[in-house]
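Here is the file protein25.cif (mmCIF, N, CA and C atoms).
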```cif
data_query
loop_
_atom_site.label_atom_id
_atom_site.label_comp_id
_atom_site.auth_asym_id
_atom_site.auth_seq_id
_atom_site.Cartn_x
_atom_site.Cartn_y
_atom_site.Cartn_z
N MET A 1 88.37 85.82 106.68
CA MET A 1 88.97 87.13 106.49
C MET A 1 89.51 87.67 107.82
N LEU A 2 88.73 87.55 108.86
CA LEU A 2 89.17 88.04 110.17
C LEU A 2 90.40 87.28 110.65
N CYS A 3 90.45 85.99 110.35
CA CYS A 3 91.63 85.20 110.74
C CYS A 3 92.88 85.70 110.02
N TYR A 4 92.73 86.08 108.75
CA TYR A 4 93.87 86.57 107.98
C TYR A 4 94.34 87.92 108.53
N ILE A 5 93.41 88.76 108.93
CA ILE A 5 93.77 90.07 109.50
C ILE A 5 94.52 89.88 110.81
N ARG A 6 94.06 88.95 111.62
CA ARG A 6 94.70 88.71 112.92
C ARG A 6 96.02 87.95 112.80
N ALA A 7 96.20 87.21 111.72
CA ALA A 7 97.40 86.38 111.56
C ALA A 7 98.64 87.25 111.54
N ASN A 8 99.59 86.92 112.39
CA ASN A 8 100.82 87.71 112.43
C ASN A 8 102.05 86.85 112.15
N ASP A 9 101.84 85.81 111.37
CA ASP A 9 102.98 85.00 110.96
C ASP A 9 103.69 85.67 109.78
N GLN A 10 104.89 85.21 109.50
CA GLN A 10 105.70 85.84 108.46
C GLN A 10 105.02 85.81 107.09
N LYS A 11 104.44 84.69 106.73
CA LYS A 11 103.81 84.56 105.41
C LYS A 11 102.64 85.52 105.26
N SER A 12 101.81 85.65 106.27
CA SER A 12 100.66 86.56 106.21
C SER A 12 101.09 88.01 106.11
N ILE A 13 102.08 88.38 106.91
CA ILE A 13 102.55 89.77 106.88
C ILE A 13 103.20 90.08 105.54
N ARG A 14 103.93 89.15 104.98
CA ARG A 14 104.53 89.37 103.66
C ARG A 14 103.44 89.58 102.60
N GLY A 15 102.38 88.78 102.68
CA GLY A 15 101.27 88.96 101.75
C GLY A 15 100.60 90.32 101.91
N LYS A 16 100.48 90.75 103.16
CA LYS A 16 99.89 92.06 103.43
C LYS A 16 100.79 93.19 102.92
N LEU A 17 102.10 93.01 103.02
CA LEU A 17 103.02 94.02 102.50
C LEU A 17 102.91 94.14 100.98
N ILE A 18 102.74 93.01 100.31
CA ILE A 18 102.56 93.04 98.86
C ILE A 18 101.25 93.74 98.51
N ALA A 19 100.19 93.42 99.23
CA ALA A 19 98.90 94.09 99.00
C ALA A 19 99.01 95.59 99.29
N LEU A 20 99.73 95.94 100.33
CA LEU A 20 99.93 97.34 100.68
C LEU A 20 100.66 98.08 99.56
N TYR A 21 101.67 97.46 99.00
CA TYR A 21 102.39 98.09 97.90
C TYR A 21 101.51 98.26 96.67
N ALA A 22 100.71 97.26 96.37
CA ALA A 22 99.79 97.35 95.23
C ALA A 22 98.79 98.49 95.44
N LEU A 23 98.26 98.63 96.65
CA LEU A 23 97.34 99.73 96.94
C LEU A 23 98.05 101.08 96.86
N ASN A 24 99.30 101.14 97.29
CA ASN A 24 100.08 102.37 97.22
C ASN A 24 100.30 102.79 95.77
N VAL A 25 100.65 101.85 94.92
CA VAL A 25 100.87 102.15 93.50
C VAL A 25 99.58 102.60 92.84
N SER A 26 98.49 101.90 93.14
CA SER A 26 97.20 102.31 92.55
C SER A 26 96.79 103.69 93.06
N ASP A 27 97.08 103.99 94.31
CA ASP A 27 96.80 105.33 94.84
C ASP A 27 97.58 106.37 94.05
N ALA A 28 98.86 106.13 93.83
CA ALA A 28 99.70 107.09 93.10
C ALA A 28 99.20 107.29 91.67
N LEU A 29 98.92 106.21 90.98
CA LEU A 29 98.50 106.31 89.59
C LEU A 29 97.12 106.94 89.44
N LEU A 30 96.19 106.56 90.30
CA LEU A 30 94.85 107.15 90.24
C LEU A 30 94.89 108.63 90.64
N THR A 31 95.69 108.97 91.62
CA THR A 31 95.83 110.38 92.00
C THR A 31 96.38 111.19 90.84
N TYR A 32 97.42 110.68 90.20
CA TYR A 32 98.02 111.37 89.06
C TYR A 32 96.99 111.56 87.94
N TRP A 33 96.24 110.52 87.65
CA TRP A 33 95.25 110.59 86.58
C TRP A 33 94.10 111.54 86.95
N LEU A 34 93.58 111.41 88.16
CA LEU A 34 92.45 112.25 88.57
C LEU A 34 92.83 113.73 88.60
N ILE A 35 94.01 114.04 89.10
CA ILE A 35 94.43 115.44 89.13
C ILE A 35 94.66 115.95 87.71
N GLY A 36 95.11 115.08 86.84
CA GLY A 36 95.31 115.45 85.45
C GLY A 36 94.02 115.81 84.72
N THR A 37 92.88 115.37 85.24
CA THR A 37 91.61 115.71 84.61
C THR A 37 91.26 117.18 84.83
N GLY A 38 91.82 117.78 85.87
CA GLY A 38 91.53 119.18 86.18
C GLY A 38 90.34 119.37 87.10
N TYR A 39 89.65 118.30 87.43
CA TYR A 39 88.46 118.40 88.29
C TYR A 39 88.74 118.04 89.74
N PHE A 40 89.92 117.54 90.02
CA PHE A 40 90.25 117.08 91.36
C PHE A 40 91.54 117.74 91.81
N SER A 41 91.75 117.77 93.12
CA SER A 41 93.00 118.31 93.66
C SER A 41 93.53 117.36 94.73
N GLU A 42 94.82 117.48 94.99
CA GLU A 42 95.46 116.64 96.00
C GLU A 42 95.10 117.15 97.38
N VAL A 43 94.67 116.25 98.25
CA VAL A 43 94.31 116.61 99.61
C VAL A 43 95.54 116.60 100.52
N ASN A 44 96.46 115.70 100.26
CA ASN A 44 97.66 115.56 101.07
C ASN A 44 98.60 116.74 100.80
N PHE A 45 98.74 117.63 101.78
CA PHE A 45 99.54 118.83 101.59
C PHE A 45 101.01 118.52 101.34
N LEU A 46 101.49 117.36 101.77
CA LEU A 46 102.88 116.98 101.55
C LEU A 46 103.15 116.63 100.09
N LEU A 47 102.12 116.23 99.36
CA LEU A 47 102.31 115.80 97.98
C LEU A 47 101.79 116.79 96.94
N LYS A 48 101.23 117.90 97.37
CA LYS A 48 100.64 118.86 96.42
C LYS A 48 101.63 119.31 95.35
N GLY A 49 102.85 119.57 95.71
CA GLY A 49 103.83 120.03 94.74
C GLY A 49 104.46 118.92 93.92
N VAL A 50 104.22 117.69 94.29
CA VAL A 50 104.87 116.55 93.65
C VAL A 50 103.95 115.84 92.66
N VAL A 51 102.68 115.86 92.92
CA VAL A 51 101.75 114.97 92.24
C VAL A 51 101.64 115.22 90.73
N LEU A 52 101.91 116.41 90.26
CA LEU A 52 101.82 116.68 88.83
C LEU A 52 103.10 116.34 88.07
N ASN A 53 104.18 116.11 88.78
CA ASN A 53 105.45 115.73 88.16
C ASN A 53 105.59 114.22 88.32
N PHE A 54 105.40 113.48 87.22
CA PHE A 54 105.38 112.02 87.33
C PHE A 54 106.72 111.46 87.79
N GLY A 55 107.83 112.09 87.43
CA GLY A 55 109.13 111.62 87.88
C GLY A 55 109.28 111.69 89.39
N GLU A 56 108.91 112.82 89.96
CA GLU A 56 108.97 112.97 91.42
C GLU A 56 107.95 112.06 92.10
N LEU A 57 106.76 111.98 91.52
CA LEU A 57 105.73 111.10 92.08
C LEU A 57 106.21 109.66 92.08
N PHE A 58 106.85 109.25 90.98
CA PHE A 58 107.37 107.89 90.89
C PHE A 58 108.38 107.61 92.01
N LEU A 59 109.30 108.54 92.21
CA LEU A 59 110.31 108.34 93.26
C LEU A 59 109.70 108.28 94.65
N ILE A 60 108.81 109.23 94.95
CA ILE A 60 108.27 109.35 96.30
C ILE A 60 107.19 108.31 96.60
N LYS A 61 106.35 108.00 95.63
CA LYS A 61 105.20 107.13 95.90
C LYS A 61 105.36 105.70 95.38
N ILE A 62 106.36 105.45 94.51
CA ILE A 62 106.50 104.10 93.97
C ILE A 62 107.87 103.51 94.30
N ALA A 63 108.96 104.20 93.96
CA ALA A 63 110.30 103.64 94.16
C ALA A 63 110.70 103.58 95.63
N PHE A 64 110.55 104.69 96.36
CA PHE A 64 110.93 104.69 97.78
C PHE A 64 110.09 103.68 98.59
N PRO A 65 108.76 103.66 98.43
CA PRO A 65 107.99 102.64 99.16
C PRO A 65 108.36 101.21 98.76
N ALA A 66 108.74 100.99 97.50
CA ALA A 66 109.17 99.66 97.08
C ALA A 66 110.41 99.23 97.86
N ALA A 67 111.36 100.14 97.99
CA ALA A 67 112.58 99.83 98.74
C ALA A 67 112.27 99.59 100.22
N LEU A 68 111.41 100.42 100.79
CA LEU A 68 111.05 100.27 102.20
C LEU A 68 110.31 98.95 102.44
N ILE A 69 109.37 98.64 101.59
CA ILE A 69 108.60 97.39 101.76
C ILE A 69 109.49 96.18 101.51
N ALA A 70 110.40 96.27 100.55
CA ALA A 70 111.34 95.17 100.33
C ALA A 70 112.21 94.95 101.56
N TRP A 71 112.67 96.04 102.16
CA TRP A 71 113.47 95.92 103.37
C TRP A 71 112.66 95.26 104.49
N LEU A 72 111.42 95.71 104.68
CA LEU A 72 110.56 95.11 105.70
C LEU A 72 110.28 93.65 105.39
N TYR A 73 110.06 93.35 104.10
CA TYR A 73 109.76 91.98 103.66
C TYR A 73 110.88 91.03 104.09
N PHE A 74 112.14 91.45 103.90
CA PHE A 74 113.26 90.60 104.29
C PHE A 74 113.58 90.70 105.77
N ARG A 75 113.27 91.79 106.39
CA ARG A 75 113.51 91.99 107.83
C ARG A 75 112.60 91.10 108.68
N ILE A 76 111.44 90.79 108.16
CA ILE A 76 110.49 89.95 108.89
C ILE A 76 111.09 88.59 109.23
N HIS A 77 111.99 88.12 108.40
CA HIS A 77 112.59 86.80 108.61
C HIS A 77 113.24 86.67 109.99
N SER A 78 113.82 87.74 110.48
CA SER A 78 114.51 87.67 111.77
C SER A 78 113.73 88.35 112.90
N ALA A 79 112.47 88.65 112.66
CA ALA A 79 111.66 89.33 113.68
C ALA A 79 111.21 88.36 114.77
N THR A 80 111.10 88.89 115.98
CA THR A 80 110.59 88.09 117.10
C THR A 80 109.06 88.05 117.01
N GLU A 81 108.46 87.21 117.81
CA GLU A 81 107.00 87.08 117.83
C GLU A 81 106.34 88.41 118.22
N LYS A 82 106.93 89.10 119.19
CA LYS A 82 106.40 90.39 119.62
C LYS A 82 106.50 91.42 118.49
N GLN A 83 107.62 91.43 117.78
CA GLN A 83 107.78 92.34 116.65
C GLN A 83 106.79 92.02 115.53
N LEU A 84 106.56 90.74 115.28
CA LEU A 84 105.59 90.35 114.25
C LEU A 84 104.19 90.81 114.62
N LYS A 85 103.85 90.69 115.90
CA LYS A 85 102.52 91.12 116.34
C LYS A 85 102.37 92.63 116.18
N SER A 86 103.36 93.39 116.61
CA SER A 86 103.32 94.85 116.46
C SER A 86 103.32 95.24 114.99
N GLY A 87 104.16 94.58 114.21
CA GLY A 87 104.22 94.85 112.77
C GLY A 87 102.90 94.56 112.08
N ASN A 88 102.24 93.49 112.50
CA ASN A 88 100.95 93.14 111.91
C ASN A 88 99.92 94.23 112.18
N ILE A 89 99.92 94.77 113.38
CA ILE A 89 98.99 95.85 113.72
C ILE A 89 99.26 97.07 112.84
N ALA A 90 100.53 97.41 112.70
CA ALA A 90 100.90 98.57 111.88
C ALA A 90 100.52 98.36 110.41
N VAL A 91 100.85 97.19 109.88
CA VAL A 91 100.53 96.90 108.48
C VAL A 91 99.02 96.90 108.26
N ASN A 92 98.27 96.30 109.17
CA ASN A 92 96.81 96.30 109.04
C ASN A 92 96.24 97.72 109.07
N SER A 93 96.80 98.56 109.92
CA SER A 93 96.32 99.95 110.00
C SER A 93 96.55 100.69 108.69
N VAL A 94 97.73 100.53 108.13
CA VAL A 94 98.03 101.21 106.87
C VAL A 94 97.22 100.60 105.72
N LEU A 95 97.01 99.28 105.76
CA LEU A 95 96.17 98.64 104.74
C LEU A 95 94.75 99.19 104.76
N ILE A 96 94.21 99.39 105.94
CA ILE A 96 92.86 99.96 106.05
C ILE A 96 92.85 101.37 105.47
N LEU A 97 93.84 102.17 105.81
CA LEU A 97 93.94 103.53 105.29
C LEU A 97 94.00 103.54 103.77
N TYR A 98 94.89 102.74 103.19
CA TYR A 98 95.02 102.72 101.73
C TYR A 98 93.81 102.11 101.05
N THR A 99 93.13 101.20 101.70
CA THR A 99 91.89 100.66 101.13
C THR A 99 90.83 101.75 101.04
N VAL A 100 90.70 102.55 102.09
CA VAL A 100 89.73 103.65 102.09
C VAL A 100 90.11 104.69 101.03
N VAL A 101 91.39 105.04 100.95
CA VAL A 101 91.84 106.02 99.95
C VAL A 101 91.54 105.51 98.55
N ASN A 102 91.83 104.24 98.29
CA ASN A 102 91.57 103.67 96.97
C ASN A 102 90.08 103.59 96.67
N MET A 103 89.27 103.35 97.68
CA MET A 103 87.82 103.35 97.46
C MET A 103 87.36 104.75 97.05
N PHE A 104 87.89 105.79 97.70
CA PHE A 104 87.57 107.16 97.30
C PHE A 104 87.98 107.41 95.85
N HIS A 105 89.18 106.96 95.50
CA HIS A 105 89.65 107.14 94.12
C HIS A 105 88.71 106.45 93.12
N LEU A 106 88.27 105.26 93.47
CA LEU A 106 87.38 104.54 92.56
C LEU A 106 86.03 105.24 92.43
N VAL A 107 85.53 105.77 93.53
CA VAL A 107 84.27 106.53 93.48
C VAL A 107 84.46 107.79 92.63
N PHE A 108 85.56 108.49 92.85
CA PHE A 108 85.82 109.71 92.07
C PHE A 108 86.01 109.38 90.59
N THR A 109 86.69 108.29 90.29
CA THR A 109 86.88 107.87 88.90
C THR A 109 85.55 107.53 88.27
N GLY A 110 84.72 106.78 88.97
CA GLY A 110 83.40 106.44 88.45
C GLY A 110 82.54 107.68 88.24
N THR A 111 82.59 108.60 89.17
CA THR A 111 81.82 109.84 89.05
C THR A 111 82.31 110.65 87.85
N PHE A 112 83.62 110.78 87.71
CA PHE A 112 84.17 111.53 86.58
C PHE A 112 83.76 110.89 85.27
N LEU A 113 83.91 109.58 85.16
CA LEU A 113 83.57 108.90 83.90
C LEU A 113 82.08 108.99 83.60
N ALA A 114 81.24 108.90 84.64
CA ALA A 114 79.80 109.00 84.43
C ALA A 114 79.42 110.37 83.87
N PHE A 115 80.01 111.42 84.40
CA PHE A 115 79.69 112.78 83.92
C PHE A 115 80.37 113.08 82.58
N GLU A 116 81.56 112.52 82.38
CA GLU A 116 82.31 112.79 81.15
C GLU A 116 81.64 112.15 79.94
N PHE A 117 81.07 110.96 80.13
CA PHE A 117 80.49 110.22 79.00
C PHE A 117 78.97 110.21 79.02
N ALA A 118 78.36 111.04 79.86
CA ALA A 118 76.90 111.09 79.93
C ALA A 118 76.32 112.02 78.87
#
```

Starting from the file, lay out its structure as structure tokens.
Amino acid sequence: MLCYIRANDQKSIRGKLIALYALNVSDALLTYWLIGTGYFSEVNFLLKGVVLNFGELFLIKIAFPAALIAWLYFRIHSATEKQLKSGNIAVNSVLILYTVVNMFHLVFTGTFLAFEFA
């Protein structure tokens, strides 16, 4: 696992970008669902006005990041070794952030379901 995190080759970074996008989509969908329950609120002040409108949420949290990650995915092909190393650090940092956010969502989902069906 540590070797994969440190790996800054094109194939590894592309895999991390795909994982990052999957975590981003799950964050958007779980946020939308959790806020829809009425028991949770959005912490990110930039998304408070967007999160209840699925169309806007889709554009900001799913479509735009898809385009950005696709651009990065193809841009990696011409990146230098130094750029790959810097990019790997950035991608790993965001992956850690989204992993933590998704873990919170899963805990909140489990807590909600436990109380809802208890």

**Study point:** Ground truth for the PyMOL selection byres (((chain A and resi 13 and name CA) around 12) and name CA), written as a ChimeraX atom specification
**Key:** /A:4-12,14-20,69,72-77,79,83-92,95

Practice item. Would you work out the distance separating CA of Ile62 (chain A) from CA of Leu113 (chain A), expressed in Å to one decimal? Key: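 About the pair CA of Ile62 (chain A) and CA of Leu113 (chain A): they are 25.5 Å apart.
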
Check your understanding: By how many Å are CA of Leu29 (chain A) and CA of Gly110 (chain A) apart?
Key ->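 Distance reported for this atom pair: 15.1 Å.
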
Practice item. Among the residues of region 25-66 of chain A, find those DSSP assigns to alpha helix (DSSP H) from the backbone and print them as a PyMOL selection string. Key: chain A and resi 25-36+54-57+64-66

Practice item. Between CA of Val50 (chain A) and CA of Ala28 (chain A), measure the distance and give it in Å to one decimal. Key: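 Here the two named atoms are 10.8 Å from each other.
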
Practice item. Could you give me, as a ChimeraX atom specification, the residues within 10 Å of Asn24 (chain A), counting only C-alpha atoms and dropping anything in the same chain fewer than 6 positions from it? Key: /A:18,30,61-62,65-66,94-95,98-99,101-102
